[in-house]
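Source file: protein-v1.txt (compact mmCIF, C-alpha atoms)
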# COMPACT_ATOMS: atom_id res chain seq x y z
CA MET A 22 -57.66 9.41 -53.40
CA PRO A 23 -54.35 8.59 -51.67
CA SER A 24 -54.58 6.68 -48.42
CA ILE A 25 -51.70 8.45 -46.64
CA VAL A 26 -50.98 12.16 -46.35
CA PHE A 27 -47.41 13.04 -45.36
CA LEU A 28 -46.90 16.45 -43.76
CA LEU A 29 -43.40 17.80 -44.34
CA GLY A 30 -41.60 20.92 -43.24
CA PHE A 31 -39.11 22.36 -40.84
CA MET A 32 -39.46 21.76 -37.12
CA GLY A 33 -41.92 24.24 -35.68
CA SER A 34 -43.92 24.56 -38.90
CA GLY A 35 -47.00 22.99 -37.32
CA LYS A 36 -46.96 19.49 -38.78
CA THR A 37 -48.44 17.92 -35.63
CA HIS A 38 -50.92 20.75 -35.08
CA TRP A 39 -52.25 20.71 -38.65
CA GLY A 40 -51.93 16.93 -38.91
CA LYS A 41 -54.31 16.33 -36.01
CA ARG A 42 -56.81 18.82 -37.43
CA LEU A 43 -56.62 17.38 -40.93
CA ALA A 44 -57.05 13.83 -39.62
CA ASP A 45 -60.13 14.91 -37.64
CA HIS A 46 -61.49 16.74 -40.69
CA LEU A 47 -61.04 13.66 -42.91
CA ASP A 48 -62.04 11.24 -40.14
CA TRP A 49 -58.67 9.52 -40.54
CA SER A 50 -56.01 8.42 -38.05
CA PHE A 51 -53.08 10.63 -37.13
CA THR A 52 -49.51 9.69 -36.20
CA ASP A 53 -46.49 11.85 -35.44
CA LEU A 54 -43.48 9.94 -36.80
CA ASP A 55 -41.06 11.19 -34.13
CA GLN A 56 -43.47 10.24 -31.32
CA HIS A 57 -44.01 6.83 -32.93
CA ILE A 58 -40.27 6.24 -33.10
CA GLU A 59 -39.85 7.29 -29.46
CA GLN A 60 -42.58 4.84 -28.38
CA GLN A 61 -41.19 1.98 -30.45
CA GLU A 62 -37.58 2.56 -29.42
CA ASN A 63 -38.43 3.51 -25.83
CA MET A 64 -36.04 6.45 -26.21
CA SER A 65 -36.33 10.12 -27.09
CA VAL A 66 -35.27 11.41 -30.50
CA ALA A 67 -32.58 13.42 -28.70
CA SER A 68 -31.23 10.23 -27.09
CA LEU A 69 -31.36 8.38 -30.41
CA PHE A 70 -29.32 11.19 -32.00
CA GLU A 71 -26.86 11.06 -29.10
CA ASN A 72 -26.49 7.28 -29.15
CA HIS A 73 -26.55 6.63 -32.90
CA GLY A 74 -25.60 9.97 -34.47
CA GLU A 75 -27.72 11.63 -37.12
CA ALA A 76 -26.94 8.97 -39.74
CA GLY A 77 -28.01 6.20 -37.36
CA PHE A 78 -31.17 8.05 -36.42
CA ARG A 79 -32.05 8.56 -40.10
CA ARG A 80 -31.78 4.81 -40.73
CA ILE A 81 -34.10 4.14 -37.79
CA GLU A 82 -36.47 6.85 -39.02
CA ARG A 83 -36.54 5.33 -42.52
CA TYR A 84 -37.34 1.90 -41.11
CA TYR A 85 -40.38 3.19 -39.23
CA LEU A 86 -41.48 5.44 -42.10
CA ASN A 87 -41.49 2.48 -44.48
CA ASN A 88 -43.61 0.47 -42.05
CA PHE A 89 -46.48 2.89 -42.75
CA ALA A 90 -46.83 1.56 -46.33
CA ILE A 91 -49.57 -0.80 -45.18
CA HIS A 92 -51.63 1.91 -43.44
CA ARG A 93 -54.75 3.45 -44.90
CA ASN A 94 -56.55 6.69 -44.11
CA LEU A 95 -53.62 8.12 -42.21
CA VAL A 96 -52.14 11.58 -41.78
CA LEU A 97 -48.46 11.27 -40.86
CA ALA A 98 -46.53 14.24 -39.48
CA CYS A 99 -42.91 13.58 -40.47
CA GLY A 100 -39.82 14.85 -38.71
CA GLY A 101 -38.28 18.03 -40.08
CA GLY A 102 -35.52 16.19 -41.91
CA THR A 103 -37.39 13.03 -42.91
CA ALA A 104 -37.95 14.10 -46.52
CA CYS A 105 -34.31 15.02 -47.05
CA PHE A 106 -32.53 11.80 -46.17
CA LEU A 107 -32.00 8.52 -47.96
CA ASP A 108 -34.79 7.91 -50.51
CA ASN A 109 -37.58 8.98 -48.16
CA MET A 110 -39.02 11.72 -50.37
CA ASP A 111 -39.17 9.47 -53.44
CA TRP A 112 -40.87 6.81 -51.33
CA MET A 113 -43.44 9.25 -49.88
CA LEU A 114 -44.23 10.69 -53.30
CA ARG A 115 -45.03 7.16 -54.52
CA GLN A 116 -46.95 6.08 -51.41
CA GLY A 117 -49.31 8.99 -50.86
CA PHE A 118 -49.86 12.74 -50.96
CA THR A 119 -47.13 15.04 -49.64
CA VAL A 120 -47.77 18.50 -48.20
CA TYR A 121 -44.98 20.98 -47.42
CA LEU A 122 -45.92 23.30 -44.56
CA LYS A 123 -43.80 26.31 -45.43
CA ALA A 124 -42.83 29.05 -42.97
CA THR A 125 -40.32 31.88 -42.87
CA PRO A 126 -37.15 31.59 -40.78
CA GLU A 127 -38.37 34.39 -38.50
CA PHE A 128 -41.68 32.60 -37.83
CA LEU A 129 -39.85 29.34 -37.11
CA LYS A 130 -37.36 31.05 -34.80
CA GLN A 131 -40.19 32.55 -32.79
CA ARG A 132 -41.87 29.14 -32.47
CA LEU A 133 -38.63 27.29 -31.62
CA GLU A 134 -36.86 29.69 -29.25
CA THR A 135 -38.17 27.99 -26.11
CA GLU A 136 -37.69 24.44 -27.41
CA THR A 137 -34.01 24.32 -28.36
CA ALA A 138 -33.04 22.08 -25.44
CA HIS A 139 -35.48 19.39 -26.64
CA ARG A 140 -34.42 19.46 -30.28
CA PRO A 141 -31.03 17.83 -30.98
CA LEU A 142 -30.12 19.99 -33.97
CA LEU A 143 -30.95 23.22 -32.09
CA ASN A 144 -29.42 22.44 -28.72
CA GLY A 145 -27.43 25.43 -27.48
CA LEU A 146 -28.60 27.82 -30.21
CA GLU A 147 -30.32 31.10 -29.44
CA GLY A 148 -30.90 34.54 -30.87
CA GLU A 149 -29.14 35.32 -34.13
CA ALA A 150 -27.32 31.96 -34.14
CA LEU A 151 -30.66 30.15 -34.06
CA LEU A 152 -32.05 32.28 -36.88
CA GLU A 153 -28.94 31.73 -39.03
CA PHE A 154 -29.09 27.98 -38.44
CA ILE A 155 -32.76 27.90 -39.47
CA LYS A 156 -32.01 29.92 -42.62
CA PHE A 157 -29.13 27.60 -43.52
CA LYS A 158 -31.13 24.41 -42.94
CA LEU A 159 -34.18 25.71 -44.80
CA GLU A 160 -32.05 26.55 -47.81
CA GLU A 161 -30.37 23.14 -47.62
CA ARG A 162 -33.71 21.30 -47.38
CA LYS A 163 -35.61 23.48 -49.84
CA PRO A 164 -35.05 21.16 -52.85
CA CYS A 165 -36.56 18.25 -50.89
CA TYR A 166 -39.48 20.14 -49.40
CA GLU A 167 -40.42 21.77 -52.69
CA ARG A 168 -40.91 18.39 -54.36
CA ALA A 169 -44.11 17.95 -52.32
CA HIS A 170 -47.40 17.65 -54.16
CA LEU A 171 -48.70 20.76 -52.38
CA THR A 172 -47.11 23.68 -50.53
CA ILE A 173 -49.06 25.56 -47.85
CA GLU A 174 -47.93 28.86 -46.31
CA VAL A 175 -48.68 28.18 -42.65
CA GLU A 176 -48.20 31.65 -41.22
CA SER A 177 -51.45 32.91 -42.68
CA ALA A 178 -53.32 29.59 -42.55
CA THR A 179 -56.64 29.30 -40.78
CA GLU A 180 -58.54 26.11 -40.15
CA GLU A 181 -61.53 27.33 -42.15
CA LEU A 182 -59.38 27.92 -45.24
CA LEU A 183 -56.68 25.30 -44.91
CA LEU A 184 -58.60 22.11 -44.18
CA PRO A 185 -61.04 22.30 -47.14
CA LYS A 186 -58.15 23.28 -49.43
CA LEU A 187 -56.13 20.27 -48.28
CA GLU A 188 -59.10 17.95 -48.61
CA GLN A 189 -59.77 19.15 -52.15
CA ALA A 190 -56.11 18.79 -53.15
CA ILE A 191 -55.92 15.28 -51.70
CA LYS A 192 -59.04 14.16 -53.58
CA THR A 193 -57.83 15.37 -56.97

Now that the file is in, can you turn its structure into structure tokens?
Amino acid sequence: MPSIVFLLGFMGSGKTHWGKRLADHLDWSFTDLDQHIEQQENMSVASLFENHGEAGFRRIERYYLNNFAIHRNLVLACGGGTACFLDNMDWMLRQGFTVYLKATPEFLKQRLETETAHRPLLNGLEGEALLEFIKFKLEERKPCYERAHLTIEVESATEELLLPKLEQAIKT
């Protein structure tokens, strides 16, 4: 059984929500990569994007992601773009079990509409522009996300169905 489960997917797909529940279910630890980076850098992800640009942020993100190689019994909720930059997806596929939490653009838009000011890539987007951006980014990231060991449709997921299914997939 792998010792790390990486949860991947677009922002708003529920990586933190499901990650905490899965960690509790497995009696493992849980970490949100973005929150970990913010604590370590003493700066918000938005500020890191502003100060270092996306490329700079992705290098910082990769550094902290790679530090989790020594951890055991951990569920790690990755940032929405983590899997799609540098060699992160290859690394995660080798290090543990990857799960893509898949959601439709409409579902994601509904979840993200009130959070655009706190998410650097969405800042200033609303309505149809937000939906189009989500569609574009999902299509762009699809090849990365779909490399995951397991894909879960989150819109219809319930705790009673999802957690045992994830546990079974992780153990095999």

Open item on the list: Using only C-alpha atoms, can you tell me which of A:Arg93, A:Lys186, A:Lys36, A:Lys41 comes closest to A:Pro23?
Closed with: A:Arg93

8 Å per side around stretch 38-54 of chain A: axis-aligned box centre and edge lengths, as AutoDock Vina command-line options:
--center_x -52.8 --center_y 14.6 --center_z -39.0 --size_x 34.6 --size_y 28.3 --size_z 23.8

Counting all atoms listed in the file, which residues come within 12 Å of (-48.4, 7.8, -48.4), with the point read in the file's coordinates, and could you list them as an mmCIF file with C-alpha atoms, in the coordinates of the input?
data_model
loop_
_atom_site.group_PDB
_atom_site.id
_atom_site.type_symbol
_atom_site.label_atom_id
_atom_site.label_comp_id
_atom_site.auth_asym_id
_atom_site.auth_seq_id
_atom_site.Cartn_x
_atom_site.Cartn_y
_atom_site.Cartn_z
ATOM 1 C CA MET A 22 -57.660 9.410 -53.400
ATOM 2 C CA PRO A 23 -54.350 8.590 -51.670
ATOM 3 C CA SER A 24 -54.580 6.680 -48.420
ATOM 4 C CA ILE A 25 -51.700 8.450 -46.640
ATOM 5 C CA VAL A 26 -50.980 12.160 -46.350
ATOM 6 C CA PHE A 27 -47.410 13.040 -45.360
ATOM 7 C CA LEU A 28 -46.900 16.450 -43.760
ATOM 8 C CA LEU A 29 -43.400 17.800 -44.340
ATOM 9 C CA LEU A 86 -41.480 5.440 -42.100
ATOM 10 C CA ASN A 87 -41.490 2.480 -44.480
ATOM 11 C CA ASN A 88 -43.610 0.470 -42.050
ATOM 12 C CA PHE A 89 -46.480 2.890 -42.750
ATOM 13 C CA ALA A 90 -46.830 1.560 -46.330
ATOM 14 C CA ILE A 91 -49.570 -0.800 -45.180
ATOM 15 C CA HIS A 92 -51.630 1.910 -43.440
ATOM 16 C CA ARG A 93 -54.750 3.450 -44.900
ATOM 17 C CA ASN A 94 -56.550 6.690 -44.110
ATOM 18 C CA LEU A 95 -53.620 8.120 -42.210
ATOM 19 C CA VAL A 96 -52.140 11.580 -41.780
ATOM 20 C CA LEU A 97 -48.460 11.270 -40.860
ATOM 21 C CA ALA A 98 -46.530 14.240 -39.480
ATOM 22 C CA CYS A 99 -42.910 13.580 -40.470
ATOM 23 C CA ASN A 109 -37.580 8.980 -48.160
ATOM 24 C CA MET A 110 -39.020 11.720 -50.370
ATOM 25 C CA ASP A 111 -39.170 9.470 -53.440
ATOM 26 C CA TRP A 112 -40.870 6.810 -51.330
ATOM 27 C CA MET A 113 -43.440 9.250 -49.880
ATOM 28 C CA LEU A 114 -44.230 10.690 -53.300
ATOM 29 C CA ARG A 115 -45.030 7.160 -54.520
ATOM 30 C CA GLN A 116 -46.950 6.080 -51.410
ATOM 31 C CA GLY A 117 -49.310 8.990 -50.860
ATOM 32 C CA PHE A 118 -49.860 12.740 -50.960
ATOM 33 C CA THR A 119 -47.130 15.040 -49.640
ATOM 34 C CA VAL A 120 -47.770 18.500 -48.200
ATOM 35 C CA ALA A 169 -44.110 17.950 -52.320
ATOM 36 C CA HIS A 170 -47.400 17.650 -54.160
ATOM 37 C CA ILE A 191 -55.920 15.280 -51.700
#

- [ ] Give the answer as one residue: which of A:Pro126, A:His57, A:Pro141, A:Arg168 has the shortest atom-to-atom distance to A:Leu69, using all atoms listed in the file?
- [x] A:Pro141

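Proximity to A:Gln61 was assessed for A:Glu82, A:Asp45, A:Glu134, A:Glu75 counting all atoms listed in the file; the smallest distance is recorded for A:Glu82.
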
Using only C-alpha atoms, what table do you get, as JSON lines, when you list each residue of stretch 47-130 of chain A with an atom no more than 8 Å from stretch 147-163 of chain A, its nearest pair of atoms, and their distance in Å rounded to one decimal, rows by chain then rising number?
{"residue": "A:Gly102", "atom": "CA", "partner": "A:Arg162", "partner_atom": "CA", "distance": 7.7}
{"residue": "A:Cys105", "atom": "CA", "partner": "A:Arg162", "partner_atom": "CA", "distance": 6.3}
{"residue": "A:Pro126", "atom": "CA", "partner": "A:Lys156", "partner_atom": "CA", "distance": 5.7}
{"residue": "A:Glu127", "atom": "CA", "partner": "A:Leu152", "partner_atom": "CA", "distance": 6.9}
{"residue": "A:Leu129", "atom": "CA", "partner": "A:Ile155", "partner_atom": "CA", "distance": 7.6}
{"residue": "A:Lys130", "atom": "CA", "partner": "A:Leu152", "partner_atom": "CA", "distance": 5.8}

Could you save the residues just selected, with C-alpha atoms, as a compact mmCIF listing (two decimals), in the frame of the given file?
# COMPACT_ATOMS: atom_id res chain seq x y z
CA GLY A 102 -35.52 16.19 -41.91
CA CYS A 105 -34.31 15.02 -47.05
CA PRO A 126 -37.15 31.59 -40.78
CA GLU A 127 -38.37 34.39 -38.50
CA LEU A 129 -39.85 29.34 -37.11
CA LYS A 130 -37.36 31.05 -34.80

Open item on the list: Applying 7 Å and only C-alpha atoms, which residues near A:Asp55 remain after dropping the ones on its own chain fewer than 4 positions away? List them as an NGL selection string.
Closed with: :A and (59 or 66 or 100)

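The interatomic distance for the pair atom CA of A:Gly101 and atom CA of A:Glu180 works out to 21.8 Å.
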
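We find atom CA of A:Gln56 and atom CA of A:Thr135 to be spaced 19.2 Å apart.
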
Task: Interatomic distance (Å, one decimal) between atom CA of A:Leu183 and atom CA of A:Gly40 - done: 11.3 Å

TODO: Using all atoms listed in the file, find the one residue out of A:Glu136, A:Glu181, A:Glu188, A:Asp108 that sits nearest to A:Ala44.
DONE: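 Checking each candidate against A:Ala44, we get A:Glu188 as the closest.
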
Task: Counting only C-alpha atoms, the option among A:Glu167, A:Ser68, A:Phe106, A:Glu62 closest to A:Arg83 - done: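 When distances to A:Arg83 are compared using only C-alpha atoms, the smallest one comes from A:Phe106.
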